[in-house]
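J.: One file is attached below, protein.csv, containing CSV, C-alpha atoms.
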```csv
chain,number,residue,atom,x,y,z
A,28,MET,CA,-24.0,50.4,44.8
A,29,TYR,CA,-20.8,49.4,43.0
A,30,MET,CA,-17.4,50.3,44.5
A,31,GLY,CA,-19.0,53.0,46.6
A,32,ARG,CA,-21.2,54.5,43.9
A,33,LYS,CA,-24.7,54.0,42.6
A,34,ILE,CA,-24.7,51.9,39.5
A,35,SER,CA,-26.6,54.8,37.7
A,36,ASP,CA,-23.8,57.2,38.6
A,37,LEU,CA,-21.2,54.8,37.2
A,38,CYS,CA,-23.2,54.6,34.0
A,39,ASN,CA,-23.4,58.3,33.6
A,40,THR,CA,-19.6,58.3,33.0
A,41,SER,CA,-20.3,57.0,29.5
A,42,ASP,CA,-22.9,58.4,27.1
A,43,ASP,CA,-23.5,55.1,25.3
A,44,CYS,CA,-23.9,52.7,28.3
A,45,SER,CA,-27.1,51.9,30.1
A,46,SER,CA,-27.5,50.6,33.6
A,47,ALA,CA,-26.0,47.2,34.1
A,48,PHE,CA,-28.9,46.2,36.2
A,49,SER,CA,-32.3,47.5,35.2
A,50,ASP,CA,-35.1,46.7,37.7
A,51,CYS,CA,-37.2,43.8,36.7
A,52,ASN,CA,-40.3,44.6,34.9
A,53,SER,CA,-43.8,43.2,35.3
A,54,ASP,CA,-44.5,39.9,33.5
A,55,ARG,CA,-44.5,39.8,29.8
A,56,SER,CA,-47.6,41.2,28.1
A,57,GLY,CA,-49.6,38.6,26.1
A,58,GLU,CA,-48.5,35.8,28.4
A,59,PHE,CA,-52.1,35.1,29.2
A,60,SER,CA,-54.9,35.3,26.6
A,61,THR,CA,-58.3,36.7,27.4
A,62,SER,CA,-60.8,34.4,25.8
A,63,SER,CA,-63.8,36.6,25.7
A,64,SER,CA,-64.8,40.2,25.3
A,65,SER,CA,-66.4,40.1,28.8
A,66,GLN,CA,-63.0,39.5,30.3
A,67,ASN,CA,-61.6,42.5,28.3
A,68,ARG,CA,-64.5,44.6,29.6
A,69,ARG,CA,-63.8,43.7,33.2
A,70,PHE,CA,-60.2,44.6,32.7
A,71,LEU,CA,-61.1,48.0,31.3
A,72,VAL,CA,-63.6,48.6,34.0
A,73,ALA,CA,-61.0,47.8,36.7
A,74,CYS,CA,-58.5,50.2,35.2
A,75,ALA,CA,-60.8,53.1,34.2
A,76,SER,CA,-63.7,53.4,36.6
A,77,GLU,CA,-64.8,53.5,40.2
A,78,ASN,CA,-66.1,50.0,39.9
A,79,SER,CA,-62.5,48.7,40.2
A,80,ASP,CA,-62.9,48.5,44.0
A,81,ILE,CA,-65.8,46.2,43.7
A,82,LEU,CA,-64.1,44.0,41.2
A,83,ILE,CA,-60.9,43.8,43.3
A,84,ARG,CA,-62.9,42.6,46.3
A,85,GLN,CA,-64.6,40.0,44.3
A,86,LEU,CA,-61.4,38.7,42.7
A,87,VAL,CA,-59.8,38.4,46.2
A,88,LEU,CA,-62.8,36.3,47.3
A,89,ASP,CA,-62.5,34.2,44.1
A,90,LEU,CA,-58.9,33.2,45.1
A,91,ASP,CA,-60.4,31.1,47.9
A,92,SER,CA,-62.9,29.3,45.6
A,93,CYS,CA,-63.1,25.5,45.5
A,94,SER,CA,-62.8,25.7,41.7
A,95,ILE,CA,-59.4,25.7,40.2
A,96,ASP,CA,-60.8,27.4,37.1
A,97,VAL,CA,-62.2,30.2,39.2
A,98,GLN,CA,-58.9,30.6,41.0
A,99,LYS,CA,-57.0,30.7,37.7
A,100,GLN,CA,-59.3,33.4,36.3
A,101,ALA,CA,-59.0,35.5,39.5
A,102,ALA,CA,-55.2,35.2,39.6
A,103,MET,CA,-55.0,36.1,35.9
A,104,GLU,CA,-57.2,39.1,36.3
A,105,ILE,CA,-55.3,40.3,39.4
A,106,ARG,CA,-52.1,40.0,37.3
A,107,LEU,CA,-53.6,42.1,34.5
A,108,ILE,CA,-55.2,44.7,36.8
A,109,ALA,CA,-52.0,45.1,38.9
A,110,LYS,CA,-49.7,45.1,35.9
A,111,ASN,CA,-49.5,48.8,35.1
A,112,ASN,CA,-51.4,50.4,38.0
A,113,SER,CA,-49.6,51.1,41.3
A,114,GLU,CA,-52.8,52.2,43.0
A,115,ASN,CA,-54.5,48.9,42.2
A,116,ARG,CA,-51.4,47.0,43.5
A,117,ILE,CA,-51.9,48.7,46.9
A,118,LYS,CA,-55.7,48.0,46.8
A,119,PHE,CA,-55.2,44.3,46.2
A,120,ALA,CA,-52.8,44.1,49.2
A,121,GLN,CA,-55.2,46.1,51.4
A,122,GLU,CA,-58.0,43.7,50.4
A,123,GLY,CA,-56.0,40.7,51.5
A,124,ALA,CA,-54.9,39.2,48.2
A,125,VAL,CA,-51.4,38.4,49.2
A,126,ARG,CA,-51.9,35.4,51.5
A,127,PRO,CA,-54.4,33.5,49.1
A,128,LEU,CA,-52.0,34.2,46.2
A,129,ILE,CA,-49.1,32.7,48.2
A,130,SER,CA,-51.2,29.6,48.8
A,131,LEU,CA,-51.5,29.2,45.0
A,132,LEU,CA,-47.7,28.8,44.8
A,133,SER,CA,-48.1,25.3,46.4
A,134,SER,CA,-50.7,24.2,43.9
A,135,ALA,CA,-50.1,20.9,42.0
A,136,ASP,CA,-51.6,22.6,39.0
A,137,SER,CA,-48.6,24.2,37.2
A,138,GLN,CA,-50.6,26.8,35.4
A,139,LEU,CA,-52.3,28.0,38.6
A,140,GLN,CA,-48.9,28.2,40.3
A,141,GLU,CA,-47.6,30.2,37.4
A,142,TYR,CA,-50.6,32.6,37.6
A,143,GLY,CA,-50.1,33.0,41.3
A,144,VAL,CA,-46.4,33.7,41.0
A,145,THR,CA,-47.1,36.3,38.2
A,146,ALA,CA,-49.7,38.1,40.2
A,147,ILE,CA,-47.4,38.3,43.3
A,148,LEU,CA,-44.7,39.6,41.0
A,149,ASN,CA,-46.9,42.4,39.9
A,150,LEU,CA,-48.0,43.3,43.4
A,151,SER,CA,-44.3,43.3,44.5
A,152,LEU,CA,-43.6,46.1,41.9
A,153,CYS,CA,-45.1,48.4,44.5
A,154,ASP,CA,-42.5,49.1,47.2
A,155,GLU,CA,-45.2,49.3,49.9
A,156,ASN,CA,-46.1,45.7,49.3
A,157,LYS,CA,-42.6,44.1,49.6
A,158,ASP,CA,-42.5,43.7,53.3
A,159,LEU,CA,-46.1,42.4,53.4
A,160,ILE,CA,-45.3,39.8,50.8
A,161,ALA,CA,-42.1,38.6,52.5
A,162,ASN,CA,-43.6,38.7,56.0
A,163,SER,CA,-46.7,36.7,54.8
A,164,GLY,CA,-44.5,33.7,54.1
A,165,ALA,CA,-43.9,34.1,50.4
A,166,ILE,CA,-40.2,33.4,50.2
A,167,LYS,CA,-40.2,29.6,50.6
A,168,PRO,CA,-43.1,29.1,48.2
A,169,LEU,CA,-41.4,31.3,45.7
A,170,VAL,CA,-38.3,29.2,46.0
A,171,ARG,CA,-40.4,26.1,45.4
A,172,ALA,CA,-41.8,27.7,42.2
A,173,LEU,CA,-38.2,28.6,41.2
A,174,LYS,CA,-37.4,24.9,41.6
A,175,THR,CA,-40.4,23.1,40.2
A,176,GLY,CA,-42.4,25.7,38.2
A,177,THR,CA,-42.8,26.3,34.5
A,178,ALA,CA,-40.2,28.3,32.7
A,179,THR,CA,-42.3,31.4,33.1
A,180,ALA,CA,-43.0,30.7,36.7
A,181,LYS,CA,-39.3,30.3,37.4
A,182,GLU,CA,-38.5,33.6,35.7
A,183,ASN,CA,-41.2,35.4,37.5
A,184,ALA,CA,-40.3,33.8,40.9
A,185,ALA,CA,-36.7,35.0,40.3
A,186,CYS,CA,-37.9,38.5,39.5
A,187,THR,CA,-40.1,38.5,42.7
A,188,LEU,CA,-37.2,37.4,44.8
A,189,LEU,CA,-35.2,40.2,43.2
A,190,ARG,CA,-37.8,42.7,44.3
A,191,LEU,CA,-37.9,41.3,47.9
A,192,SER,CA,-34.1,41.3,48.1
A,193,GLN,CA,-34.0,45.0,47.6
A,194,ILE,CA,-34.9,45.2,51.3
A,195,GLU,CA,-31.8,44.5,53.3
A,196,GLU,CA,-33.5,42.5,56.1
A,197,HIS,CA,-34.9,39.9,53.6
A,198,LYS,CA,-31.5,39.1,52.0
A,199,ILE,CA,-30.4,36.6,54.7
A,200,SER,CA,-33.8,34.8,54.8
A,201,ILE,CA,-33.8,34.5,51.0
A,202,GLY,CA,-30.3,33.1,51.1
A,203,ARG,CA,-31.2,30.6,53.8
A,204,SER,CA,-34.3,29.5,52.0
A,205,GLY,CA,-32.3,27.6,49.3
A,206,ALA,CA,-32.8,30.3,46.6
A,207,ILE,CA,-29.2,30.9,45.6
A,208,PRO,CA,-28.3,27.5,44.0
A,209,LEU,CA,-31.6,27.7,42.1
A,210,LEU,CA,-30.8,31.3,40.9
A,211,VAL,CA,-27.3,30.1,39.9
A,212,ASN,CA,-29.0,27.3,37.9
A,213,LEU,CA,-31.3,29.8,36.2
A,214,LEU,CA,-28.3,32.0,35.5
A,215,GLU,CA,-26.6,29.1,33.7
A,216,ASN,CA,-29.6,27.5,32.0
A,217,GLY,CA,-32.4,30.0,31.7
A,218,GLY,CA,-33.4,32.2,28.8
A,219,PHE,CA,-32.1,35.8,28.6
A,220,ARG,CA,-34.8,37.2,30.8
A,221,GLY,CA,-34.2,34.5,33.4
A,222,LYS,CA,-30.4,35.1,33.3
A,223,LYS,CA,-30.9,38.9,33.6
A,224,ASP,CA,-33.2,38.6,36.7
A,225,ALA,CA,-31.1,35.8,38.3
A,226,SER,CA,-27.9,37.9,37.9
A,227,THR,CA,-29.6,41.0,39.4
A,228,ALA,CA,-31.0,39.0,42.3
A,229,LEU,CA,-27.7,37.4,43.0
A,230,TYR,CA,-25.9,40.7,42.9
A,231,LEU,CA,-28.3,42.1,45.5
A,232,LEU,CA,-28.2,38.9,47.7
A,233,CYS,CA,-24.4,38.7,47.6
A,234,SER,CA,-23.9,41.9,49.4
A,235,VAL,CA,-24.3,39.6,52.4
A,236,LYS,CA,-21.1,37.6,53.1
A,237,GLU,CA,-22.9,34.3,53.9
A,238,ASN,CA,-24.7,34.5,50.5
A,239,LYS,CA,-21.4,35.1,48.7
A,240,MET,CA,-20.2,31.7,50.2
A,241,ARG,CA,-23.5,30.0,49.1
A,242,ALA,CA,-23.1,31.3,45.6
A,243,VAL,CA,-19.5,30.2,45.3
A,244,GLN,CA,-20.4,26.8,46.7
A,245,ALA,CA,-23.3,26.5,44.3
A,246,GLY,CA,-20.8,26.8,41.4
A,247,ILE,CA,-21.6,30.3,40.3
A,248,MET,CA,-18.2,31.0,38.8
A,249,LYS,CA,-18.8,28.7,35.8
A,250,PRO,CA,-21.7,30.6,34.4
A,251,ILE,CA,-20.3,34.0,35.4
A,252,VAL,CA,-17.0,33.3,33.5
A,253,GLU,CA,-18.9,31.9,30.5
A,254,LEU,CA,-21.2,35.0,30.3
A,255,MET,CA,-18.3,37.4,30.6
A,256,SER,CA,-16.4,35.6,27.8
A,257,ASP,CA,-19.4,35.9,25.4
A,258,PHE,CA,-19.5,39.5,24.2
A,259,GLY,CA,-22.7,38.7,22.3
A,260,SER,CA,-24.6,37.5,25.4
A,261,GLY,CA,-25.7,40.9,26.6
A,262,MET,CA,-24.6,39.8,30.0
A,263,VAL,CA,-21.0,40.8,30.3
A,264,ASP,CA,-21.7,43.8,32.5
A,265,LYS,CA,-24.2,42.0,34.7
A,266,ALA,CA,-21.8,39.0,35.2
A,267,ALA,CA,-18.9,41.4,36.0
A,268,PHE,CA,-20.9,43.2,38.6
A,269,VAL,CA,-21.8,40.0,40.3
A,270,LEU,CA,-18.2,38.8,40.2
A,271,SER,CA,-17.1,42.1,41.7
A,272,THR,CA,-19.1,41.3,44.9
A,273,LEU,CA,-17.8,37.7,45.0
A,274,VAL,CA,-14.0,38.4,44.8
A,275,SER,CA,-14.2,40.3,48.1
A,276,ILE,CA,-13.9,36.9,49.8
A,277,PRO,CA,-10.9,34.6,49.4
A,278,GLU,CA,-13.1,31.7,48.3
A,279,GLY,CA,-14.4,33.8,45.5
A,280,ARG,CA,-11.0,34.8,44.3
A,281,THR,CA,-9.8,31.2,44.3
A,282,ALA,CA,-12.9,30.0,42.5
A,283,VAL,CA,-12.7,32.5,39.6
A,284,VAL,CA,-9.0,31.8,39.0
A,285,GLU,CA,-9.7,28.0,39.0
A,286,GLU,CA,-12.5,28.6,36.6
A,287,GLY,CA,-10.2,30.3,34.1
A,288,GLY,CA,-11.4,33.8,34.8
A,289,ILE,CA,-8.1,35.7,34.6
A,290,PRO,CA,-7.7,35.4,30.8
A,291,VAL,CA,-11.3,36.5,30.3
A,292,LEU,CA,-10.9,39.5,32.5
A,293,VAL,CA,-7.7,40.5,30.7
A,294,GLU,CA,-9.4,40.2,27.4
A,295,ILE,CA,-12.2,42.5,28.6
A,296,VAL,CA,-9.6,45.1,29.7
A,297,GLU,CA,-8.2,44.9,26.2
A,298,VAL,CA,-11.3,44.9,24.0
A,299,GLY,CA,-14.3,45.6,26.2
A,300,MET,CA,-16.4,48.7,26.5
A,301,GLN,CA,-15.2,51.5,28.8
A,302,ARG,CA,-17.2,50.5,31.8
A,303,GLN,CA,-16.4,46.8,31.3
A,304,LYS,CA,-12.7,47.7,31.3
A,305,GLU,CA,-13.0,49.6,34.5
A,306,ILE,CA,-14.9,46.8,36.3
A,307,SER,CA,-12.5,44.1,35.1
A,308,ALA,CA,-9.4,46.1,36.1
A,309,SER,CA,-10.9,46.5,39.6
A,310,ILE,CA,-11.7,42.8,39.8
A,311,LEU,CA,-8.1,41.9,38.7
A,312,LEU,CA,-6.8,44.3,41.3
A,313,GLN,CA,-8.7,42.6,44.1
A,314,ILE,CA,-7.6,39.2,42.8
A,315,CYS,CA,-3.9,40.2,42.8
A,316,GLU,CA,-3.9,41.7,46.3
A,317,ASP,CA,-1.6,39.7,48.6
A,318,ASN,CA,-1.2,36.9,46.1
A,319,LEU,CA,2.0,36.7,44.1
A,320,MET,CA,1.0,33.7,42.1
A,321,TYR,CA,-2.1,35.4,40.8
A,322,ARG,CA,-0.1,38.5,39.9
A,323,ASN,CA,2.2,36.4,37.8
A,324,MET,CA,-0.7,34.7,36.1
A,325,VAL,CA,-2.2,38.1,35.2
A,326,ALA,CA,1.1,39.4,33.9
A,327,ARG,CA,1.7,36.2,31.8
A,328,GLU,CA,-1.7,36.9,30.2
A,329,GLY,CA,-0.3,40.1,28.8
A,330,ALA,CA,-2.3,42.4,31.0
A,331,ILE,CA,0.2,45.2,31.2
A,332,PRO,CA,-0.2,46.8,27.7
A,333,PRO,CA,-4.0,47.1,27.8
A,334,LEU,CA,-3.7,48.3,31.4
A,335,VAL,CA,-1.3,51.0,30.3
A,336,ALA,CA,-3.7,52.0,27.6
A,337,LEU,CA,-6.5,52.2,30.1
A,338,SER,CA,-4.4,54.3,32.5
A,339,GLN,CA,-4.0,56.8,29.7
A,340,SER,CA,-7.5,56.9,28.2
A,341,GLY,CA,-10.0,55.6,30.8
A,342,THR,CA,-12.2,57.4,33.3
A,343,THR,CA,-10.5,58.8,36.4
A,344,ARG,CA,-11.4,55.8,38.4
A,345,ALA,CA,-10.4,53.4,35.7
A,346,LYS,CA,-7.0,55.1,35.4
A,347,GLN,CA,-6.5,54.8,39.2
A,348,LYS,CA,-7.3,51.1,39.2
A,349,ALA,CA,-5.1,50.4,36.1
A,350,GLU,CA,-2.2,52.3,37.6
A,351,ALA,CA,-2.5,50.5,40.9
A,352,LEU,CA,-2.6,47.1,39.2
A,353,ILE,CA,0.3,48.0,36.9
A,354,ASP,CA,2.4,48.8,40.0
A,355,LEU,CA,1.6,45.4,41.5
A,356,LEU,CA,2.4,43.5,38.3
A,357,ARG,CA,5.7,45.3,37.7
A,358,GLN,CA,6.9,44.8,41.3
A,359,PRO,CA,5.4,41.5,42.2
A,360,ARG,CA,8.0,40.8,44.9
A,361,SER,CA,8.0,44.2,46.6
A,362,GLY,CA,4.9,43.8,48.6
A,363,ASN,CA,1.5,45.3,48.1
A,364,ASN,CA,2.0,49.0,48.8
A,365,ALA,CA,0.0,50.0,45.8
A,366,SER,CA,-3.0,48.0,46.8
A,367,ARG,CA,-2.8,49.5,50.3
A,368,THR,CA,-2.7,53.0,48.8
A,369,LEU,CA,-5.8,52.4,46.7
A,370,ASP,CA,-8.1,49.7,48.0
A,371,ALA,CA,-9.8,47.8,45.2
A,372,SER,CA,-13.1,48.0,47.0
A,373,ASP,CA,-13.2,51.8,47.2
```
Could you write out this file's structure as structure tokens?

T.:
Amino acid sequence: MYMGRKISDLCNTSDDCSSAFSDCNSDRSGEFSTSSSSQNRRFLVACASENSDILIRQLVLDLDSCSIDVQKQAAMEIRLIAKNNSENRIKFAQEGAVRPLISLLSSADSQLQEYGVTAILNLSLCDENKDLIANSGAIKPLVRALKTGTATAKENAACTLLRLSQIEEHKISIGRSGAIPLLVNLLENGGFRGKKDASTALYLLCSVKENKMRAVQAGIMKPIVELMSDFGSGMVDKAAFVLSTLVSIPEGRTAVVEEGGIPVLVEIVEVGMQRQKEISASILLQICEDNLMYRNMVAREGAIPPLVALSQSGTTRAKQKAEALIDLLRQPRSGNNASRTLDASD
């Protein structure tokens, strides 16, 4: 949800915009190579015939093998079999694959850890498995993989935490596990896929107030402002959505101003895409509520002309936000009646 509406509903207001947050996909195809035709045959058999049940049971047994190579092969094949088949994801969970896969996340072998994370990610793509994975103790090992794993393991751990955070009751436990500073680090230093999944996970987690505080304390505003200022990053919308959750607390508003966010937000209102303008106007409205100094800073950045343009040509909601903000900026010493009339969080 964003400002009381589903993200998909907001996107439908513009023909050329896609959802700011697309759900994370399964792991990248081709990440693991199959070294023999027999492995390919096993994969095809698992996907296409009644023998899949037998193979699934054997692979779950192989996860408990004393041989790391056998464990790696089992985890790799579980990943492949579960990648595009929701029925097989459920079967693996029913056969008891979750707990032994979680145990692989603590392996000193980085490749085995990566294979385990990736297999759990693909099982988590089935909604029925999310509670089982979280309640089986996966959160802390996933956070460990997010901290110490390979680049791929970190990305897939972030994506798995994203999936688990879609369930409300897991958001607090994920936040308290130490995940948020690591997600902030991935947002700042990861590749595009890592940034995308980290931003989505943070957006979901920061619907909880204590997680907003953790994100601000972890220094999230620096990468957020940097991503919003880079129109070529492909991350402007995602970063803005995350910021929209953080400015609901005073610490978030202070942090974004101190990080130089006001000029960036004003620039987006001026030259951004339609949806970006709307989000930025809403964020600026929240920042300016009850704070004369911030209103003056926004006005000095030349916000009024682009806001006037937005009030005349934007969506209905964008026009409302722009008009409310213009009223605040033009009457900075007259109180905050405009913001009381139209709450920025509506």

J.: Hey, what's within 10 Å of A:Val283 if we count all atoms listed in the file and toss same-chain stuff fewer than 2 positions away? As number ranges by chain, please?

T.: A: 243, 247-249, 251-252, 270, 273-274, 278-281, 285-289, 314

J.: What does the distance from atom CA of A:Cys153 to atom CA of A:Ser204 come to in Å, to one decimal?

T.: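 Between atom CA of A:Cys153 and atom CA of A:Ser204 the gap is 23.0 Å.
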
J.: At what distance in Å, to one decimal, does atom CA of A:Thr342 lie from atom CA of A:Lys239?

T.: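 Between these atoms lies a distance of 28.6 Å.
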
J.: May I have the protein, DNA and RNA residues with an atom at most 10 Å from (-29.8, 41.1, 42.4), counting all atoms listed in the file in the file's coordinates, returned as a list in words?

T.: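 Answer for this query, in the requested form: Phe48, Ser49, Asp50, Cys51, Ala185, Cys186, Leu188, Leu189, Arg190, Leu191, Ser192, Gln193, Lys198, Leu210, Lys223, Asp224, Ala225, Ser226, Thr227, Ala228, Leu229, Tyr230, Leu231, Leu232, Cys233, Ser234, Lys265, Phe268 and Val269 of chain A.
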
J.: What would the file look like if the residues just selected were written as a short mmCIF file (atom, residue, chain, number, x, y, z; two decimals), in the coordinates of the input with C-alpha atoms?

T.:
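Heads up, here's the output in again.cif:
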```
data_model
loop_
_atom_site.label_atom_id
_atom_site.label_comp_id
_atom_site.auth_asym_id
_atom_site.auth_seq_id
_atom_site.Cartn_x
_atom_site.Cartn_y
_atom_site.Cartn_z
CA PHE A 48 -28.90 46.20 36.20
CA SER A 49 -32.30 47.50 35.20
CA ASP A 50 -35.10 46.70 37.70
CA CYS A 51 -37.20 43.80 36.70
CA ALA A 185 -36.70 35.00 40.30
CA CYS A 186 -37.90 38.50 39.50
CA LEU A 188 -37.20 37.40 44.80
CA LEU A 189 -35.20 40.20 43.20
CA ARG A 190 -37.80 42.70 44.30
CA LEU A 191 -37.90 41.30 47.90
CA SER A 192 -34.10 41.30 48.10
CA GLN A 193 -34.00 45.00 47.60
CA LYS A 198 -31.50 39.10 52.00
CA LEU A 210 -30.80 31.30 40.90
CA LYS A 223 -30.90 38.90 33.60
CA ASP A 224 -33.20 38.60 36.70
CA ALA A 225 -31.10 35.80 38.30
CA SER A 226 -27.90 37.90 37.90
CA THR A 227 -29.60 41.00 39.40
CA ALA A 228 -31.00 39.00 42.30
CA LEU A 229 -27.70 37.40 43.00
CA TYR A 230 -25.90 40.70 42.90
CA LEU A 231 -28.30 42.10 45.50
CA LEU A 232 -28.20 38.90 47.70
CA CYS A 233 -24.40 38.70 47.60
CA SER A 234 -23.90 41.90 49.40
CA LYS A 265 -24.20 42.00 34.70
CA PHE A 268 -20.90 43.20 38.60
CA VAL A 269 -21.80 40.00 40.30
#
```

J.: Which of these, A:Ser309, A:Asn216, A:Ser271, A:Thr175, has the shortest distance to A:Glu253 once you count all atoms listed in the file?

T.: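 Nearest to A:Glu253: A:Asn216.
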
J.: I'd like the contact shell of A:Gly261 - 10 Å cut-off, all atoms listed in the file, skipping same-chain residues fewer than 5 positions apart - returned as a PDB file with C-alpha atoms, in the frame of the given file.

T.:
```pdb
ATOM      1  CA  ALA A  47     -26.000  47.200  34.100  1.00  0.00           C
ATOM      2  CA  PHE A 219     -32.100  35.800  28.600  1.00  0.00           C
ATOM      3  CA  LYS A 223     -30.900  38.900  33.600  1.00  0.00           C
ATOM      4  CA  LEU A 254     -21.200  35.000  30.300  1.00  0.00           C
ATOM      5  CA  MET A 255     -18.300  37.400  30.600  1.00  0.00           C
ATOM      6  CA  ALA A 266     -21.800  39.000  35.200  1.00  0.00           C
TER       7      ALA A 266
END
```

J.: Quick one: pull the distance between atom CA of A:Ala135 and atom CA of A:Lys110, Å, one decimal.

T.: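 Going from atom CA of A:Ala135 over to atom CA of A:Lys110 covers 25.0 Å.
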
J.: Using only C-alpha atoms, tabulate the residues of stretch 203-274 of chain A lying at most 7 Å from any atom of stretch 290-306 of chain A, each with its closest atom pair and that distance in Å to one decimal, by chain and increasing residue number, as a tab-separated table.

T.:
```
residue	atom	partner	partner_atom	distance
A:Ser256	CA	A:Val291	CA	5.8
A:Asp264	CA	A:Gln303	CA	6.2
A:Ala267	CA	A:Ile306	CA	6.7
```

J.: Measuring atom to atom with all atoms listed in the file, identify which of A:Ala146, A:Leu132, A:Leu139, A:Val170 is nearest to A:Glu104.

T.: A:Ala146

J.: Compile the contact shell of A:Arg116 as a PDB file with C-alpha atoms, keeping the file's coordinate frame: residues with an atom at most 9 Å away, counting only C-alpha atoms, same-chain residues fewer than 5 positions apart removed.

T.:
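part_1.pdb written:
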```
ATOM      1  CA  ILE A 105     -55.300  40.300  39.400  1.00  0.00           C
ATOM      2  CA  ILE A 108     -55.200  44.700  36.800  1.00  0.00           C
ATOM      3  CA  ALA A 109     -52.000  45.100  38.900  1.00  0.00           C
ATOM      4  CA  LYS A 110     -49.700  45.100  35.900  1.00  0.00           C
ATOM      5  CA  ASN A 111     -49.500  48.800  35.100  1.00  0.00           C
ATOM      6  CA  GLN A 121     -55.200  46.100  51.400  1.00  0.00           C
ATOM      7  CA  ASN A 149     -46.900  42.400  39.900  1.00  0.00           C
ATOM      8  CA  LEU A 150     -48.000  43.300  43.400  1.00  0.00           C
ATOM      9  CA  SER A 151     -44.300  43.300  44.500  1.00  0.00           C
ATOM     10  CA  LEU A 152     -43.600  46.100  41.900  1.00  0.00           C
ATOM     11  CA  CYS A 153     -45.100  48.400  44.500  1.00  0.00           C
ATOM     12  CA  ASN A 156     -46.100  45.700  49.300  1.00  0.00           C
TER      13      ASN A 156
END
```

J.: Under the rule that all atoms listed in the file are counted, which of A:Leu148, A:Leu214, A:Ala349, A:Met103 is the nearest residue to A:Leu90?

T.: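 When distances to A:Leu90 are compared using all atoms listed in the file, the smallest one comes from A:Met103.
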
J.: Write out as a list in words each polymer residue whose atoms come within 12 Å of A:Gln85, counting only C-alpha atoms; drop sequence neighbours fewer than 2 positions from it.

T.: Arg69, Ala73, Asn78, Ser79, Asp80, Ile81, Leu82, Ile83, Val87, Leu88, Asp89, Leu90, Asp91, Ser92, Val97, Gln98, Gln100, Ala101, Ala102, Glu104, Ile105, Phe119, Glu122, Gly123 and Ala124 of chain A
